[in-house]
>>> print(open('upload-v4.txt').read())   # compact mmCIF, C-alpha atoms and all ligand atoms
# COMPACT_ATOMS: atom_id res chain seq x y z
CA MET A 1 -4.29 7.40 -30.70
CA LYS A 2 -6.32 4.49 -31.98
CA VAL A 3 -6.13 1.99 -29.15
CA GLY A 4 -7.77 -1.30 -28.23
CA PHE A 5 -8.35 -2.36 -24.63
CA ILE A 6 -8.96 -6.00 -23.74
CA GLY A 7 -10.03 -7.07 -20.23
CA LEU A 8 -12.55 -4.92 -18.39
CA GLY A 9 -12.27 -6.32 -14.87
CA ASN A 10 -11.65 -4.39 -11.63
CA MET A 11 -8.58 -2.71 -13.11
CA GLY A 12 -9.15 -2.73 -16.87
CA ALA A 13 -12.54 -1.00 -16.89
CA ALA A 14 -11.10 1.98 -15.01
CA MET A 15 -7.96 2.12 -17.17
CA ALA A 16 -9.99 2.04 -20.39
CA ALA A 17 -12.27 4.78 -19.04
CA ASN A 18 -9.24 7.02 -18.52
CA LEU A 19 -8.10 6.42 -22.11
CA VAL A 20 -11.54 7.50 -23.36
CA GLU A 21 -11.44 10.50 -21.02
CA ALA A 22 -8.03 11.51 -22.41
CA GLY A 23 -9.54 11.66 -25.91
CA HIS A 24 -8.13 8.46 -27.43
CA ASP A 25 -10.14 6.48 -29.97
CA VAL A 26 -10.80 3.36 -27.85
CA THR A 27 -12.13 -0.04 -28.95
CA VAL A 28 -12.81 -2.49 -26.12
CA TRP A 29 -13.32 -6.23 -25.83
CA ASN A 30 -14.21 -8.33 -22.81
CA ARG A 31 -15.12 -12.01 -22.48
CA SER A 32 -18.33 -10.97 -20.71
CA PRO A 33 -19.47 -8.19 -23.06
CA ASP A 34 -21.88 -6.53 -20.60
CA LYS A 35 -18.91 -5.08 -18.72
CA ALA A 36 -18.33 -2.82 -21.76
CA ASP A 37 -21.75 -1.13 -21.50
CA ALA A 38 -20.67 1.87 -19.42
CA LEU A 39 -17.62 2.46 -21.64
CA VAL A 40 -19.66 2.31 -24.83
CA GLU A 41 -21.99 4.93 -23.34
CA THR A 42 -19.01 7.26 -22.91
CA GLY A 43 -17.76 6.80 -26.48
CA ALA A 44 -15.81 3.52 -26.70
CA THR A 45 -16.52 1.03 -29.49
CA LEU A 46 -17.26 -2.61 -28.63
CA ALA A 47 -15.29 -5.14 -30.70
CA GLN A 48 -16.76 -8.50 -31.60
CA TYR A 49 -13.44 -10.34 -31.27
CA PRO A 50 -10.10 -9.57 -29.58
CA ALA A 51 -8.43 -9.24 -33.02
CA ASP A 52 -10.88 -6.45 -33.93
CA ALA A 53 -9.48 -4.40 -31.03
CA ALA A 54 -5.91 -4.81 -32.32
CA GLN A 55 -6.15 -3.13 -35.72
CA GLY A 56 -5.08 0.37 -34.52
CA ASP A 57 -1.80 1.72 -33.13
CA VAL A 58 -1.76 -0.14 -29.81
CA VAL A 59 -3.74 -2.89 -28.06
CA MET A 60 -3.55 -3.05 -24.26
CA THR A 61 -4.46 -6.19 -22.34
CA MET A 62 -5.40 -6.33 -18.63
CA LEU A 63 -6.44 -9.91 -17.95
CA ALA A 64 -6.54 -12.22 -14.94
CA ASP A 65 -3.62 -14.58 -15.56
CA ASP A 66 -1.45 -16.45 -18.07
CA ALA A 67 -4.33 -18.62 -19.29
CA ALA A 68 -6.52 -15.57 -20.01
CA VAL A 69 -3.73 -13.80 -21.89
CA GLU A 70 -2.95 -16.95 -23.90
CA ALA A 71 -6.62 -17.30 -24.84
CA VAL A 72 -6.89 -13.70 -26.00
CA VAL A 73 -3.57 -13.68 -27.86
CA PHE A 74 -3.21 -17.18 -29.31
CA GLY A 75 -6.85 -18.37 -29.27
CA GLU A 76 -9.41 -18.14 -32.05
CA HIS A 77 -9.76 -14.53 -33.29
CA GLY A 78 -6.84 -13.65 -31.00
CA ILE A 79 -4.55 -10.67 -31.38
CA ALA A 80 -1.42 -12.63 -32.40
CA GLY A 81 -0.39 -11.39 -35.83
CA ALA A 82 -2.46 -8.19 -35.57
CA PRO A 83 -0.68 -4.94 -36.54
CA ALA A 84 -1.01 -3.09 -33.21
CA ILE A 85 1.77 -2.89 -30.60
CA HIS A 86 0.71 -5.26 -27.80
CA VAL A 87 1.04 -3.69 -24.34
CA SER A 88 0.55 -6.30 -21.63
CA HIS A 89 -0.49 -4.85 -18.24
CA SER A 90 -1.51 -8.15 -16.61
CA THR A 91 0.63 -9.72 -13.92
CA ILE A 92 1.88 -12.77 -15.81
CA SER A 93 4.80 -15.20 -15.76
CA ILE A 94 8.29 -14.39 -16.97
CA ALA A 95 7.94 -17.30 -19.40
CA LEU A 96 4.76 -15.94 -21.01
CA ALA A 97 6.21 -12.43 -21.27
CA GLU A 98 9.17 -13.96 -23.14
CA ARG A 99 6.84 -15.83 -25.48
CA LEU A 100 4.77 -12.71 -26.18
CA ALA A 101 7.91 -10.67 -26.88
CA ALA A 102 9.13 -13.31 -29.31
CA THR A 103 5.87 -13.74 -31.21
CA SER A 104 4.09 -10.37 -31.32
CA GLY A 105 3.68 -9.17 -34.91
CA GLY A 106 3.25 -5.48 -34.12
CA GLY A 107 5.83 -5.38 -31.31
CA PHE A 108 5.52 -6.02 -27.58
CA VAL A 109 5.82 -3.88 -24.46
CA SER A 110 5.48 -5.41 -21.01
CA ALA A 111 3.86 -2.84 -18.72
CA PRO A 112 2.48 -4.30 -15.47
CA VAL A 113 1.18 -1.75 -13.00
CA PHE A 114 1.27 -0.99 -9.28
CA GLY A 115 -1.91 0.42 -7.71
CA ARG A 116 -5.32 -0.92 -6.73
CA PRO A 117 -8.67 -0.15 -8.44
CA PRO A 118 -9.09 3.29 -6.76
CA ALA A 119 -5.67 4.30 -8.16
CA ALA A 120 -6.70 2.97 -11.58
CA GLU A 121 -9.90 5.05 -11.43
CA ALA A 122 -7.92 8.16 -10.53
CA GLY A 123 -5.36 7.60 -13.34
CA GLN A 124 -2.70 7.29 -10.63
CA LEU A 125 -1.15 3.91 -11.41
CA PHE A 126 2.60 3.34 -11.57
CA VAL A 127 3.48 1.82 -14.94
CA ILE A 128 6.53 -0.48 -15.06
CA ALA A 129 7.49 -0.60 -18.75
CA ALA A 130 10.07 -2.69 -20.59
CA GLY A 131 10.63 -3.36 -24.27
CA ASP A 132 12.08 -1.67 -27.34
CA SER A 133 12.53 1.99 -26.38
CA ALA A 134 10.91 3.29 -29.58
CA LEU A 135 7.82 1.21 -28.80
CA VAL A 136 7.73 2.41 -25.19
CA ASP A 137 8.05 6.02 -26.48
CA ALA A 138 5.08 5.43 -28.79
CA CYS A 139 2.99 4.16 -25.85
CA GLN A 140 3.94 6.94 -23.43
CA PRO A 141 0.81 9.10 -24.10
CA LEU A 142 -1.31 6.09 -23.15
CA PHE A 143 0.71 5.46 -19.99
CA ASP A 144 0.27 9.13 -19.10
CA ALA A 145 -3.51 8.69 -19.34
CA ILE A 146 -3.61 5.73 -16.93
CA GLY A 147 -0.75 6.47 -14.56
CA GLN A 148 1.07 9.07 -12.51
CA ARG A 149 4.55 7.84 -13.45
CA THR A 150 6.22 5.39 -15.82
CA PHE A 151 9.36 3.53 -14.78
CA ARG A 152 11.46 2.18 -17.65
CA ILE A 153 13.18 -1.11 -16.93
CA GLY A 154 15.09 -1.54 -20.21
CA ASP A 155 14.77 -3.35 -23.53
CA THR A 156 14.05 -6.83 -22.20
CA ALA A 157 10.27 -7.06 -21.75
CA PRO A 158 10.12 -9.77 -19.01
CA ALA A 159 12.28 -7.58 -16.72
CA ALA A 160 9.16 -5.49 -16.03
CA ASN A 161 7.31 -8.63 -14.93
CA LEU A 162 10.17 -9.54 -12.61
CA VAL A 163 9.90 -6.10 -10.98
CA LYS A 164 6.13 -6.51 -10.62
CA LEU A 165 6.38 -9.98 -9.07
CA SER A 166 9.11 -8.78 -6.70
CA GLY A 167 6.91 -5.86 -5.63
CA ASN A 168 3.85 -8.03 -5.05
CA PHE A 169 5.92 -10.37 -2.91
CA MET A 170 6.97 -7.36 -0.81
CA ILE A 171 3.32 -6.26 -0.43
CA MET A 172 2.40 -9.68 0.93
CA ALA A 173 5.41 -9.64 3.24
CA ALA A 174 4.25 -6.24 4.56
CA VAL A 175 0.70 -7.57 5.03
CA GLU A 176 2.04 -10.53 7.02
CA ALA A 177 4.28 -8.29 9.14
CA MET A 178 1.42 -5.87 9.88
CA ALA A 179 -1.01 -8.67 10.71
CA GLU A 180 1.45 -10.23 13.14
CA ALA A 181 2.28 -6.89 14.79
CA MET A 182 -1.39 -5.90 15.09
CA THR A 183 -2.26 -9.29 16.55
CA LEU A 184 0.54 -8.98 19.10
CA ALA A 185 -0.59 -5.48 20.08
CA GLU A 186 -4.25 -6.43 20.28
CA LYS A 187 -3.60 -9.53 22.41
CA GLY A 188 -1.55 -7.32 24.72
CA GLY A 189 -4.37 -4.79 25.02
CA VAL A 190 -3.33 -2.11 22.50
CA ASP A 191 -5.84 -1.05 19.86
CA ARG A 192 -4.63 -2.07 16.40
CA LYS A 193 -5.78 1.23 14.85
CA LEU A 194 -3.66 3.14 17.35
CA LEU A 195 -0.69 0.90 16.59
CA LEU A 196 -1.06 1.64 12.88
CA GLU A 197 -1.32 5.39 13.54
CA VAL A 198 1.92 5.33 15.51
CA LEU A 199 3.81 3.19 13.02
CA THR A 200 2.69 5.03 9.86
CA GLY A 201 3.31 8.35 11.63
CA THR A 202 6.86 7.42 12.61
CA LEU A 203 8.96 4.84 10.80
CA PHE A 204 6.47 3.21 8.42
CA GLY A 205 4.96 6.09 6.42
CA ALA A 206 5.09 4.28 3.05
CA PRO A 207 1.88 4.04 0.98
CA ILE A 208 1.83 0.28 1.27
CA TYR A 209 1.57 0.40 5.08
CA ARG A 210 -1.09 3.11 4.96
CA THR A 211 -3.28 1.52 2.25
CA TYR A 212 -3.08 -2.07 3.45
CA GLY A 213 -2.85 -1.10 7.11
CA GLU A 214 -6.30 0.51 6.95
CA ILE A 215 -7.76 -2.54 5.21
CA ILE A 216 -6.29 -4.86 7.83
CA VAL A 217 -7.33 -2.69 10.79
CA GLU A 218 -10.92 -2.80 9.59
CA ASP A 219 -10.85 -6.42 8.30
CA ARG A 220 -12.21 -4.91 5.06
CA PHE A 221 -11.67 -7.99 2.94
CA ARG A 222 -14.90 -7.86 0.92
CA PRO A 223 -15.54 -6.76 -1.79
CA ALA A 224 -12.12 -7.67 -3.11
CA GLY A 225 -10.18 -4.93 -4.89
CA PHE A 226 -7.58 -7.57 -5.71
CA ALA A 227 -8.94 -11.07 -5.25
CA ALA A 228 -6.97 -13.53 -3.09
CA PRO A 229 -6.77 -16.22 -5.84
CA LEU A 230 -5.03 -13.66 -8.10
CA GLY A 231 -2.64 -12.85 -5.25
CA LEU A 232 -1.90 -16.55 -4.84
CA LYS A 233 -1.29 -16.69 -8.59
CA ASP A 234 1.33 -13.95 -8.19
CA MET A 235 3.11 -15.68 -5.31
CA THR A 236 3.21 -18.86 -7.41
CA LEU A 237 4.65 -16.90 -10.37
CA ALA A 238 7.24 -15.33 -8.06
CA ASP A 239 8.14 -18.82 -6.83
CA ALA A 240 8.59 -20.04 -10.42
CA ALA A 241 10.89 -17.06 -11.05
CA ALA A 242 12.82 -17.83 -7.84
CA THR A 243 13.33 -21.42 -9.01
CA ARG A 244 14.41 -20.26 -12.45
CA TYR A 245 16.98 -17.79 -11.13
CA GLY A 246 18.07 -19.79 -8.09
CA ALA A 247 16.88 -17.23 -5.52
CA VAL A 248 16.21 -18.53 -2.00
CA MET A 249 13.00 -16.92 -0.66
CA PRO A 250 11.79 -18.58 2.56
CA LEU A 251 9.41 -15.71 3.36
CA LEU A 252 7.71 -16.15 -0.01
CA GLY A 253 6.72 -19.70 1.00
CA ILE A 254 5.16 -18.41 4.21
CA VAL A 255 3.04 -15.68 2.64
CA ARG A 256 1.95 -17.97 -0.19
CA ASP A 257 0.66 -20.47 2.37
CA GLN A 258 -1.07 -17.69 4.36
CA LEU A 259 -2.97 -16.83 1.15
CA ARG A 260 -3.86 -20.49 0.61
CA SER A 261 -5.15 -20.61 4.16
CA ALA A 262 -7.22 -17.41 3.76
CA ILE A 263 -8.84 -18.78 0.59
CA ALA A 264 -9.58 -22.14 2.24
CA VAL A 265 -11.08 -20.58 5.39
CA ASP A 266 -12.65 -17.32 4.15
CA GLY A 267 -13.44 -18.17 0.51
CA GLU A 268 -12.29 -17.14 -2.96
CA ASP A 269 -14.07 -13.79 -2.93
CA VAL A 270 -11.85 -12.10 -0.34
CA ASP A 271 -9.16 -9.52 -1.04
CA TRP A 272 -5.58 -10.79 -0.91
CA ALA A 273 -5.08 -8.66 2.19
CA ALA A 274 -7.15 -11.39 3.89
CA ALA A 275 -3.86 -13.25 4.20
CA ALA A 276 -3.87 -11.29 7.47
CA SER A 277 -6.93 -13.24 8.58
CA SER A 278 -4.78 -16.40 8.74
CA VAL A 279 -2.77 -14.76 11.53
CA ARG A 280 -5.95 -13.69 13.32
CA HIS A 281 -7.56 -17.14 13.06
CA ALA A 282 -4.41 -18.87 14.31
CA SER A 283 -4.27 -16.49 17.29
CA GLY A 284 -7.94 -16.90 18.21
CA ILE A 285 -9.07 -13.41 17.19
CA ALA A 286 -12.41 -13.20 15.36
CA LEU A 287 -12.61 -10.97 12.27
CA LYS A 288 -14.57 -7.75 12.76
CA GLY A 289 -18.20 -8.17 11.73
CA GLN A 290 -18.16 -11.95 12.34
P1 LIG A 301 -10.47 -9.19 -12.51
O1 LIG A 301 -11.33 -8.11 -11.97
O2 LIG A 301 -10.67 -10.59 -12.03
O3 LIG A 301 -10.60 -9.18 -14.12
C1 LIG A 301 -10.04 -10.21 -14.88
C2 LIG A 301 -10.28 -9.96 -16.35
O4 LIG A 301 -9.74 -11.08 -17.09
C3 LIG A 301 -11.77 -9.86 -16.74
O5 LIG A 301 -11.89 -8.96 -17.82
C4 LIG A 301 -12.07 -11.29 -17.19
O6 LIG A 301 -13.16 -11.38 -18.06
C5 LIG A 301 -10.80 -11.62 -17.92
N1 LIG A 301 -10.59 -13.06 -18.10
C6 LIG A 301 -10.38 -13.99 -17.13
N2 LIG A 301 -10.22 -15.21 -17.69
C7 LIG A 301 -10.33 -15.03 -19.04
C8 LIG A 301 -10.22 -15.91 -20.16
N3 LIG A 301 -9.96 -17.23 -20.01
N4 LIG A 301 -10.40 -15.39 -21.40
C9 LIG A 301 -10.64 -14.06 -21.56
N5 LIG A 301 -10.75 -13.18 -20.55
C10 LIG A 301 -10.57 -13.66 -19.30
O7 LIG A 301 -8.90 -8.89 -12.27
P2 LIG A 301 -8.19 -7.47 -11.97
O8 LIG A 301 -8.19 -7.26 -10.51
O9 LIG A 301 -8.71 -6.45 -12.91
O10 LIG A 301 -6.68 -7.86 -12.38
C11 LIG A 301 -6.27 -7.97 -13.73
C12 LIG A 301 -4.77 -8.20 -13.78
O11 LIG A 301 -4.11 -7.09 -13.16
C13 LIG A 301 -4.29 -9.44 -13.03
O12 LIG A 301 -3.20 -10.00 -13.72
C14 LIG A 301 -3.86 -8.90 -11.69
O13 LIG A 301 -2.90 -9.73 -11.08
C15 LIG A 301 -3.30 -7.54 -12.08
N6 LIG A 301 -3.35 -6.47 -11.07
C16 LIG A 301 -4.44 -6.30 -10.27
C17 LIG A 301 -4.46 -5.27 -9.34
C18 LIG A 301 -5.63 -5.06 -8.39
O14 LIG A 301 -5.45 -4.40 -7.35
N7 LIG A 301 -6.82 -5.56 -8.69
C19 LIG A 301 -3.38 -4.37 -9.26
C20 LIG A 301 -2.31 -4.54 -10.14
C21 LIG A 301 -2.30 -5.59 -11.05
P3 LIG A 301 -14.68 -11.55 -17.49
O15 LIG A 301 -15.13 -10.16 -17.16
O16 LIG A 301 -15.41 -12.17 -18.60
O17 LIG A 301 -14.58 -12.44 -16.27
>>> encode(input="upload-v4.txt", output="structure tokens", more="lines below")
Ligand code: NAP
Amino acid sequence: MKVGFIGLGNMGAAMAANLVEAGHDVTVWNRSPDKADALVETGATLAQYPADAAQGDVVMTMLADDAAVEAVVFGEHGIAGAPAIHVSHSTISIALAERLAATSGGGFVSAPVFGRPPAAEAGQLFVIAAGDSALVDACQPLFDAIGQRTFRIGDTAPAANLVKLSGNFMIMAAVEAMAEAMTLAEKGGVDRKLLLEVLTGTLFGAPIYRTYGEIIVEDRFRPAGFAAPLGLKDMTLADAAATRYGAVMPLLGIVRDQLRSAIAVDGEDVDWAAAASSVRHASGIALKGQ
């Protein structure tokens, strides 16, 4: 397929590489054009403007936040009005997903993803897709190139974003729970790595406990696979959704503040798993390597 890819950050660069690898005709655009160099070497074409990447069948966007998506879609030389189906993979607000669905000339599919950069590199993301079923069908070969499985959430595009925000809230809740349990064990004289081995080998074998558990055991918060400010963005978007739908989420407030604390104390360049460091700091445990 003739596909454009906009946003070559930690996730997007790997996703675009898998589209090239799968044999699609890929045109890329990134605000900082140097990030396209490696992709151009493997056969992608570099577009001058976002709109130039949206003249084929599909244009996929993987950008930081609402403001970045708005700039690329509605800004000068943006993709609004272009003929391609717009597939939005970024984690954005329900309100922006609604606006994109209502205004996209070529059609709109909301397709946020679960999986960190290593999963993106391996083509093992989970794609959460919602929108007109004929459009989702048309995009399926592209989803197969970037992911291991596509979940269809129905015809209403923002529903996929609601699933994504709900999932990210649960990841942060798991990070908080693991950090508290590991801190308790460690203060009582039990090695946190051993605790994780027992828990993931018994009742908590889910990928989220394994992946994030290892990061938290090692305090491996730099370099960030998913930067803490983007995680805070997601908790804020989840809170906006909770207000909109009247959902009471006290735990969401706690994990959002733990992220704020991690950013204030450890800096903006840490992974969002560094929310765990807030528990450590408060309990008087130094991070490994510090
Ligand atoms: P990232 O590495 O920070 O990349 C962000 C991308 O957005 C870059 O291409 C950046 O361009 C671009 N961008 C930022 N502001 C822009 C603007 N105003 N105009 C145009 N482009 C702009 O982020 P990421 O980790 O790849 O995440 C991308 C999205 O996926 C986010 O919505 C995130 O929440 C979501 N997500 C991330 C993960 C993860 O584990 N990392 C997993 C699932 C979903 P420059 O290169 O010029 O800065």
>>> closest_residue(input="upload-v4.txt", among="A:Ala51, A:Ala80, A:Leu230, A:Val73", to="ligand LIG 301 (chain A)", atoms="all atoms listed in the file")
A:Leu230
>>> closest_residue(input="upload-v4.txt", among="A:Leu46, A:Ala16, A:Ala53, A:Val72", to="ligand LIG 301 (chain A)", atoms="all atoms listed in the file")
A:Val72
>>> atom_distance(input="upload-v4.txt", atom1="atom CA of Ala157 of chain A", atom2="atom CA of Val59 of chain A")
15.9 Å
>>> residues_around(input="upload-v4.txt", residues="segment 145-150 of chain A", least_positions_apart="3", cutoff="9 Å", atoms="all atoms listed in the file", output="PyMOL selection string")
chain A and resi 14-19+21-22+113+119-129+140-142
>>> residues_near_ligand(input="upload-v4.txt", ligand="ligand LIG 301 (chain A)", cutoff="6 Å", atoms="all atoms listed in the file", output="list in words")
Gly7, Leu8, Gly9, Asn10, Met11, Gly12, Asn30, Arg31, Ser32, Met62, Leu63, Ala64, Asp65, Ala67, Ala68, Ala71, Val72, Ser90, Thr91, Val113, Phe114, Gly115, Arg116, Pro117, Gly225, Phe226 and Leu230 of chain A
>>> residues_around(input="upload-v4.txt", residues="Glu218 of chain A", least_positions_apart="3", cutoff="8 Å", atoms="all atoms listed in the file", output="list in words")
Glu214, Ile215 and Lys288 of chain A
>>> write_last_selection(input="upload-v4.txt", atoms="C-alpha atoms", output="tab-separated table (two decimals), in the frame of the given file")
chain	number	residue	atom	x	y	z
A	214	GLU	CA	-6.30	0.51	6.95
A	215	ILE	CA	-7.76	-2.54	5.21
A	288	LYS	CA	-14.57	-7.75	12.76
>>> atom_distance(input="upload-v4.txt", atom1="atom CA of Arg220 of chain A", atom2="atom CA of Gly289 of chain A")
9.5 Å
>>> closest_residue(input="upload-v4.txt", among="A:Ile92, A:Ala38, A:Ala206, A:Val265", to="Leu165 of chain A", atoms="all atoms listed in the file")
A:Ile92
>>> atom_distance(input="upload-v4.txt", atom1="atom CA of Asp57 of chain A", atom2="atom CA of Ile85 of chain A")
6.4 Å
>>> closest_residue(input="upload-v4.txt", among="A:Leu39, A:Val87, A:Met235, A:Ile254", to="Leu100 of chain A", atoms="all atoms listed in the file")
A:Val87
>>> residues_around(input="upload-v4.txt", residues="Pro223 of chain A", least_positions_apart="5", cutoff="9 Å", atoms="all atoms listed in the file", output="PyMOL selection string")
chain A and resi 269-271
>>> residues_around(input="upload-v4.txt", residues="Leu195 of chain A", least_positions_apart="6", cutoff="10 Å", atoms="all atoms listed in the file", output="VMD selection string")
chain A and resid 178 181 to 182 185 to 186 201 213 217
>>> closest_residue(input="upload-v4.txt", among="A:Val3, A:Ile285, A:Ile216, A:Ala134", to="Glu176 of chain A", atoms="all atoms listed in the file")
A:Ile216
